[in-house]
>>> print(open('start27.cif').read())   # mmCIF, C-alpha atoms and all ligand atoms
data_query
#
loop_
_atom_site.label_atom_id
_atom_site.label_comp_id
_atom_site.auth_asym_id
_atom_site.auth_seq_id
_atom_site.Cartn_x
_atom_site.Cartn_y
_atom_site.Cartn_z
CA MET A 1 -8.39 -14.89 -23.29
CA LEU A 2 -6.83 -15.03 -19.83
CA PRO A 3 -3.43 -13.40 -19.26
CA PRO A 4 -0.45 -15.69 -19.93
CA ILE A 5 1.15 -17.21 -16.85
CA LYS A 6 4.93 -16.99 -17.20
CA GLY A 7 6.02 -18.34 -13.86
CA LEU A 8 4.72 -20.21 -10.85
CA ILE A 9 5.72 -20.92 -7.30
CA GLU A 10 3.47 -23.75 -6.21
CA ASN A 11 3.44 -23.10 -2.48
CA THR A 12 4.50 -20.20 -0.35
CA LEU A 13 3.92 -19.40 3.30
CA ILE A 14 5.60 -16.01 3.22
CA ASP A 15 3.97 -14.05 0.39
CA TRP A 16 0.51 -13.85 1.91
CA GLU A 17 0.67 -13.61 5.66
CA GLY A 18 -1.18 -16.44 7.38
CA LYS A 19 -2.04 -18.21 4.12
CA ILE A 20 -0.72 -21.04 2.04
CA ALA A 21 -0.69 -19.66 -1.47
CA SER A 22 0.55 -20.28 -4.98
CA ILE A 23 2.15 -17.35 -6.81
CA ILE A 24 1.78 -16.77 -10.50
CA PHE A 25 3.78 -14.25 -12.52
CA LEU A 26 2.24 -12.30 -15.38
CA PRO A 27 4.47 -10.70 -18.01
CA GLY A 28 5.29 -7.09 -18.80
CA CYS A 29 5.75 -3.96 -16.72
CA ASN A 30 5.34 -0.24 -17.35
CA PHE A 31 8.15 0.65 -14.90
CA ARG A 32 11.88 0.02 -15.22
CA CYS A 33 13.07 0.01 -11.63
CA PRO A 34 16.86 -0.33 -11.74
CA PHE A 35 16.80 -2.73 -8.75
CA CYS A 36 14.14 -5.00 -10.31
CA HIS A 37 14.78 -8.74 -10.05
CA ALA A 38 12.15 -9.77 -12.57
CA GLY A 39 14.34 -8.86 -15.57
CA PRO A 40 13.18 -11.42 -18.19
CA LEU A 41 9.55 -10.98 -17.19
CA VAL A 42 9.85 -7.23 -17.72
CA THR A 43 12.15 -6.94 -20.72
CA ALA A 44 11.74 -10.19 -22.68
CA PRO A 45 8.54 -11.92 -21.55
CA ASN A 46 7.93 -13.59 -24.92
CA ALA A 47 11.10 -15.60 -24.48
CA LEU A 48 9.58 -17.26 -21.40
CA GLU A 49 7.51 -20.39 -21.57
CA THR A 50 3.77 -19.95 -20.92
CA ILE A 51 2.15 -22.25 -18.40
CA PRO A 52 -1.30 -23.15 -19.80
CA PHE A 53 -4.10 -22.06 -17.49
CA SER A 54 -5.68 -25.52 -17.87
CA SER A 55 -2.54 -27.15 -16.41
CA PHE A 56 -2.47 -24.70 -13.53
CA LYS A 57 -6.15 -25.34 -12.88
CA GLU A 58 -5.53 -29.09 -12.78
CA PHE A 59 -2.70 -28.49 -10.32
CA LEU A 60 -5.04 -26.41 -8.13
CA GLU A 61 -7.69 -29.10 -8.25
CA ARG A 62 -5.16 -31.64 -7.04
CA GLN A 63 -4.25 -29.23 -4.22
CA ARG A 64 -7.86 -28.56 -3.23
CA GLY A 65 -8.08 -27.98 0.51
CA TRP A 66 -4.34 -27.24 0.85
CA ILE A 67 -4.04 -23.89 -0.89
CA ASP A 68 -5.91 -20.89 0.50
CA GLY A 69 -5.36 -18.57 -2.40
CA ILE A 70 -3.39 -17.25 -5.34
CA VAL A 71 -0.95 -14.35 -5.35
CA ILE A 72 -1.04 -12.66 -8.76
CA SER A 73 2.32 -11.02 -9.27
CA GLY A 74 4.45 -9.79 -12.14
CA GLY A 75 5.66 -7.71 -13.87
CA GLU A 76 2.61 -5.57 -13.41
CA PRO A 77 -0.60 -7.64 -13.45
CA THR A 78 -2.95 -4.65 -13.89
CA LEU A 79 -1.64 -4.12 -17.44
CA HIS A 80 -3.60 -7.21 -18.51
CA LYS A 81 -7.14 -6.45 -19.66
CA SER A 82 -8.40 -9.87 -18.68
CA LEU A 83 -7.08 -9.68 -15.11
CA PRO A 84 -10.66 -9.46 -13.72
CA GLU A 85 -11.56 -12.71 -15.53
CA LEU A 86 -8.48 -14.37 -14.08
CA CYS A 87 -9.42 -13.25 -10.55
CA ALA A 88 -12.99 -14.45 -11.15
CA ALA A 89 -11.73 -17.86 -12.30
CA PHE A 90 -9.91 -18.28 -8.97
CA ARG A 91 -12.96 -17.05 -7.10
CA GLU A 92 -15.03 -19.78 -8.81
CA MET A 93 -12.58 -22.29 -7.39
CA ASN A 94 -13.21 -20.86 -3.91
CA LEU A 95 -9.69 -19.50 -3.71
CA GLY A 96 -8.65 -16.16 -2.26
CA VAL A 97 -6.84 -13.67 -4.48
CA LYS A 98 -3.98 -11.38 -3.55
CA LEU A 99 -2.68 -8.80 -6.01
CA ASP A 100 0.89 -7.50 -6.17
CA THR A 101 0.95 -4.14 -7.95
CA ASN A 102 3.11 -1.10 -8.55
CA GLY A 103 0.03 1.10 -8.14
CA SER A 104 0.25 2.66 -11.59
CA ARG A 105 -3.29 1.69 -12.66
CA PRO A 106 -5.68 2.99 -9.96
CA GLU A 107 -8.66 2.58 -12.30
CA VAL A 108 -8.00 -1.18 -12.46
CA LEU A 109 -7.40 -1.42 -8.72
CA SER A 110 -10.61 0.45 -8.05
CA MET A 111 -12.62 -1.81 -10.36
CA LEU A 112 -11.19 -4.98 -8.75
CA LEU A 113 -12.03 -3.63 -5.31
CA GLU A 114 -15.55 -2.59 -6.34
CA ARG A 115 -16.24 -5.97 -7.89
CA GLY A 116 -14.89 -7.79 -4.83
CA LEU A 117 -12.44 -9.78 -6.95
CA ILE A 118 -9.43 -9.41 -4.63
CA ASP A 119 -8.93 -10.06 -0.92
CA SER A 120 -5.54 -8.53 -0.35
CA VAL A 121 -3.12 -6.14 -2.06
CA ALA A 122 0.62 -5.57 -1.74
CA MET A 123 1.54 -2.29 -3.39
CA ASP A 124 5.11 -1.15 -4.02
CA MET A 125 6.19 2.18 -2.63
CA LYS A 126 9.29 2.90 -4.64
CA ALA A 127 10.39 6.13 -2.95
CA PRO A 128 8.85 9.19 -1.30
CA LEU A 129 6.29 10.80 -3.61
CA GLY A 130 8.41 13.24 -5.57
CA GLU A 131 11.37 13.46 -7.91
CA LYS A 132 12.95 10.27 -6.52
CA TYR A 133 9.93 8.24 -7.55
CA LEU A 134 10.92 8.87 -11.15
CA THR A 135 14.50 7.76 -10.50
CA ALA A 136 13.27 4.63 -8.73
CA THR A 137 11.02 3.61 -11.61
CA GLY A 138 13.41 4.39 -14.45
CA GLY A 139 11.55 7.63 -15.26
CA LYS A 140 8.40 5.73 -16.14
CA CYS A 141 5.97 6.76 -13.46
CA ASP A 142 2.82 8.88 -13.22
CA ILE A 143 3.04 9.93 -9.58
CA GLU A 144 -0.56 11.15 -9.50
CA ALA A 145 -1.72 7.64 -10.39
CA VAL A 146 0.40 6.17 -7.59
CA LYS A 147 -1.08 8.69 -5.14
CA GLU A 148 -4.56 7.67 -6.23
CA SER A 149 -3.81 3.99 -5.64
CA ILE A 150 -2.42 4.76 -2.18
CA ALA A 151 -5.59 6.68 -1.27
CA LEU A 152 -7.79 3.88 -2.61
CA LEU A 153 -6.11 1.29 -0.42
CA ILE A 154 -5.95 3.41 2.72
CA ASP A 155 -9.67 4.23 2.34
CA SER A 156 -10.64 0.62 1.62
CA ASP A 157 -11.61 -2.18 3.99
CA ILE A 158 -9.35 -4.66 2.24
CA ASP A 159 -6.25 -6.24 3.73
CA TYR A 160 -3.27 -4.40 2.23
CA GLU A 161 0.34 -3.46 2.71
CA PHE A 162 2.80 -1.05 1.14
CA ARG A 163 6.31 -2.34 0.69
CA MET A 164 9.51 -0.59 -0.18
CA THR A 165 12.87 -1.99 -1.28
CA VAL A 166 15.36 0.26 0.45
CA CYS A 167 17.92 0.75 -2.30
CA PRO A 168 20.90 2.73 -0.94
CA ALA A 169 21.58 4.19 -4.41
CA PHE A 170 18.77 6.69 -3.96
CA LEU A 171 17.01 6.12 -0.62
CA ASP A 172 18.31 7.25 2.75
CA ARG A 173 16.80 7.47 6.23
CA GLU A 174 14.95 10.71 5.48
CA ASP A 175 13.45 9.22 2.29
CA VAL A 176 12.08 6.24 4.20
CA ILE A 177 10.57 8.52 6.82
CA GLN A 178 9.10 10.80 4.13
CA ALA A 179 7.59 7.75 2.38
CA ALA A 180 5.97 6.78 5.70
CA ARG A 181 4.59 10.33 5.98
CA ASP A 182 3.22 9.99 2.44
CA LEU A 183 1.48 6.81 3.63
CA ARG A 184 0.25 8.41 6.86
CA GLY A 185 -2.32 6.22 8.59
CA ALA A 186 -1.64 3.14 6.44
CA LYS A 187 -2.11 -0.26 8.08
CA ARG A 188 1.26 -1.76 7.18
CA PHE A 189 4.49 -0.44 5.64
CA VAL A 190 7.12 -3.11 5.06
CA LEU A 191 10.79 -2.35 4.39
CA GLN A 192 12.53 -4.91 2.21
CA GLN A 193 16.25 -5.41 2.04
CA PHE A 194 17.87 -4.39 -1.24
CA LYS A 195 19.58 -7.34 -2.91
CA PRO A 196 22.21 -6.39 -5.48
CA ASP A 197 22.40 -9.72 -7.34
CA PHE A 198 20.57 -9.79 -10.68
CA CYS A 199 19.43 -6.14 -10.61
CA LEU A 200 17.99 -5.00 -13.93
CA ASN A 201 20.52 -2.17 -14.05
CA GLU A 202 23.89 -3.90 -13.91
CA SER A 203 25.58 -0.93 -12.22
CA PHE A 204 23.36 -1.63 -9.17
CA ARG A 205 24.87 -5.07 -8.69
CA SER A 206 27.88 -3.68 -6.82
CA ILE A 207 25.86 -1.55 -4.37
CA GLU A 208 26.12 -2.60 -0.72
CA PRO A 209 22.74 -3.03 1.00
CA TYR A 210 22.14 -1.19 4.27
CA PRO A 211 22.96 -3.31 7.32
CA ARG A 212 19.77 -4.83 8.69
CA VAL A 213 20.19 -2.97 11.96
CA ARG A 214 19.96 0.36 10.07
CA LEU A 215 16.81 -0.77 8.30
CA LYS A 216 15.34 -1.56 11.71
CA GLU A 217 16.18 1.97 12.86
CA PHE A 218 14.47 3.36 9.73
CA ALA A 219 11.43 1.19 10.46
CA GLU A 220 11.26 2.38 14.04
CA GLU A 221 11.16 6.00 12.96
CA ALA A 222 8.77 5.33 10.07
CA SER A 223 6.36 3.59 12.43
CA LYS A 224 5.44 6.99 13.92
CA TYR A 225 3.41 7.71 10.77
CA VAL A 226 1.82 4.35 9.91
CA LYS A 227 0.08 1.74 12.07
CA MET A 228 2.84 -0.81 11.61
CA CYS A 229 6.29 -0.72 10.00
CA PHE A 230 8.82 -3.54 10.01
CA VAL A 231 11.68 -5.08 8.04
CA ARG A 232 11.04 -8.17 6.00
CA GLY A 233 13.84 -10.61 5.09
CA GLU A 234 15.36 -11.11 1.73
CA PRO A 235 13.47 -10.17 -1.43
CA THR A 236 12.80 -12.77 -4.10
CA GLY A 237 15.89 -13.65 -6.16
CA GLU A 238 16.34 -13.49 -9.89
CA PHE A 239 13.25 -14.30 -11.94
CA THR A 240 14.00 -17.00 -14.45
CA GLY A 241 10.52 -18.04 -15.58
CA ALA A 242 8.62 -21.14 -14.54
CA VAL A 243 10.18 -22.31 -11.31
CA GLU A 244 12.16 -25.52 -11.44
CA GLY A 245 10.31 -28.48 -10.04
CA THR A 246 6.93 -27.06 -11.02
CA GLN A 247 4.51 -29.94 -11.29
CA VAL A 248 1.95 -28.49 -13.69
S1 LIG B 301 10.36 -3.96 -9.64
FE1 LIG B 301 8.21 -4.36 -10.15
S2 LIG B 301 7.45 -2.39 -10.88
FE2 LIG B 301 9.66 -2.29 -10.99
S3 LIG B 301 10.21 -2.93 -13.08
FE3 LIG B 301 10.29 -4.76 -11.77
S4 LIG B 301 8.29 -5.69 -11.95
FE4 LIG B 301 8.10 -3.58 -12.68
#
>>> encode(input="start27.cif", output="structure tokens", more="lines below")
Ligand code: SF4
Amino acid sequence: MLPPIKGLIENTLIDWEGKIASIIFLPGCNFRCPFCHAGPLVTAPNALETIPFSSFKEFLERQRGWIDGIVISGGEPTLHKSLPELCAAFREMNLGVKLDTNGSRPEVLSMLLERGLIDSVAMDMKAPLGEKYLTATGGKCDIEAVKESIALLIDSDIDYEFRMTVCPAFLDREDVIQAARDLRGAKRFVLQQFKPDFCLNESFRSIEPYPRVRLKEFAEEASKYVKMCFVRGEPTGEFTGAVEGTQV
């Protein structure tokens, strides 16, 4: 059985650079990042409606020629055993596949890479690799696994990026620079603005984000260690399940 699809954005131009993609959201996550915006998907996925794969497939068939690929996001998609079958189903439809992951399951990432089931990966970098990684993931992280995923991507030929939400509650300039050092040689390291609204941990909702100009300064310094580092606009807002106006 394929993983349940709990949310869909039909078309996006910004989640896979240079592509027109649809994003699907799979339920469940093994982290509890206090700044997470996917609350219901992480803590109460069963309360969300499931979009039948057959309906999504019909939608994709109607869009044939317009959509380049599918972004599989979450939650954490690699927790689903049948993720490879889902990727293969999109492959059969001649669609590209991009995976969003928190990097906690390197064995799954490695298998998807080996089997050629994904074309692109965006992996979260929650903090520099150390004590703060635990704080940033709600104490739920195996840092060795994250390190393994980082190494896999840096050593691969695939298109990838690492992205970090710069949450002022526990990340400062030195943390961003240290994270870039931890990613030394990576193709792309993207800094994302922290957005307080709807954070999983309610006490984070009153935290002021860094001014964009400061993030740009962080990015400039971080770019000494990676091939490219820049600030991306606003992160996705609150996750509320299947997106309104969805036509499937
Ligand atoms: S931010 Fe991502 S990794 Fe963290 S809890 Fe939310 S879905 Fe999971």
>>> closest_atom_pairs(input="start27.cif", of="chain A", to="ligand LIG 301 (chain B)", cutoff="9 Å", atoms="only C-alpha atoms and all ligand atoms", output="tab-separated table")
residue	atom	partner	partner_atom	distance
A:Pro27	CA	B:LIG301	S4	8.7
A:Gly28	CA	B:LIG301	FE4	7.6
A:Cys29	CA	B:LIG301	FE4	4.7
A:Asn30	CA	B:LIG301	FE4	6.4
A:Phe31	CA	B:LIG301	S3	4.5
A:Arg32	CA	B:LIG301	S3	4.0
A:Cys33	CA	B:LIG301	FE2	4.2
A:Pro34	CA	B:LIG301	S3	7.3
A:Phe35	CA	B:LIG301	S1	6.6
A:Cys36	CA	B:LIG301	S1	4.0
A:His37	CA	B:LIG301	FE3	6.2
A:Ala38	CA	B:LIG301	FE3	5.4
A:Gly39	CA	B:LIG301	FE3	6.9
A:Leu41	CA	B:LIG301	S4	7.6
A:Val42	CA	B:LIG301	S4	6.2
A:Thr43	CA	B:LIG301	S3	8.8
A:Ser73	CA	B:LIG301	S4	8.4
A:Gly74	CA	B:LIG301	S4	5.6
A:Gly75	CA	B:LIG301	S4	3.8
A:Glu76	CA	B:LIG301	S4	5.9
A:Asp100	CA	B:LIG301	FE1	8.9
A:Thr101	CA	B:LIG301	S2	7.3
A:Asn102	CA	B:LIG301	S2	5.1
A:Gly103	CA	B:LIG301	S2	8.6
A:Ser104	CA	B:LIG301	S2	8.8
A:Asp124	CA	B:LIG301	S2	7.4
A:Lys126	CA	B:LIG301	FE2	8.2
A:Ala136	CA	B:LIG301	FE2	8.1
A:Thr137	CA	B:LIG301	FE2	6.1
A:Gly138	CA	B:LIG301	S3	8.1
A:Thr165	CA	B:LIG301	S1	8.9
A:Leu200	CA	B:LIG301	FE3	8.0
>>> residues_around(input="start27.cif", residues="Leu95 (chain A)", least_positions_apart="6", cutoff="8 Å", atoms="all atoms listed in the file", output="list in words")
Ile67, Asp68, Gly69 and Ile70 of chain A
>>> residues_around(input="start27.cif", residues="region 111-117 of chain A", least_positions_apart="4", cutoff="8 Å", atoms="only C-alpha atoms", output="number ranges by chain")
A: 84, 87-88, 91, 97, 107
>>> closest_residue(input="start27.cif", among="A:Gln63, A:Ser156, A:Ser223, A:Asn46", to="Phe189 (chain A)", atoms="all atoms listed in the file")
A:Ser223
>>> residues_around(input="start27.cif", residues="Ile9 (chain A)", least_positions_apart="2", cutoff="7 Å", atoms="only C-alpha atoms", output="PDB file with C-alpha atoms, in the frame of the given file")
ATOM      1  CA  ASN A  11       3.440 -23.100  -2.480  1.00  0.00           C
ATOM      2  CA  SER A  22       0.550 -20.280  -4.980  1.00  0.00           C
ATOM      3  CA  ILE A  23       2.150 -17.350  -6.810  1.00  0.00           C
ATOM      4  CA  ILE A  24       1.780 -16.770 -10.500  1.00  0.00           C
ATOM      5  CA  VAL A 243      10.180 -22.310 -11.310  1.00  0.00           C
TER       6      VAL A 243
END
>>> residues_around(input="start27.cif", residues="Arg205 (chain A)", least_positions_apart="5", cutoff="9 Å", atoms="only C-alpha atoms", output="ChimeraX atom specification")
/A:35,195-200
>>> atom_distance(input="start27.cif", atom1="CA of Phe90 (chain A)", atom2="CA of Thr12 (chain A)")
16.9 Å
>>> atom_distance(input="start27.cif", atom1="CA of Ala179 (chain A)", atom2="CA of Ala127 (chain A)")
6.2 Å
>>> closest_residue(input="start27.cif", among="A:Leu171, A:Leu183, A:Ala44, A:Met1", to="Leu215 (chain A)", atoms="only C-alpha atoms")
A:Leu171
>>> atom_distance(input="start27.cif", atom1="CA of Lys98 (chain A)", atom2="CA of Ala122 (chain A)")
7.6 Å
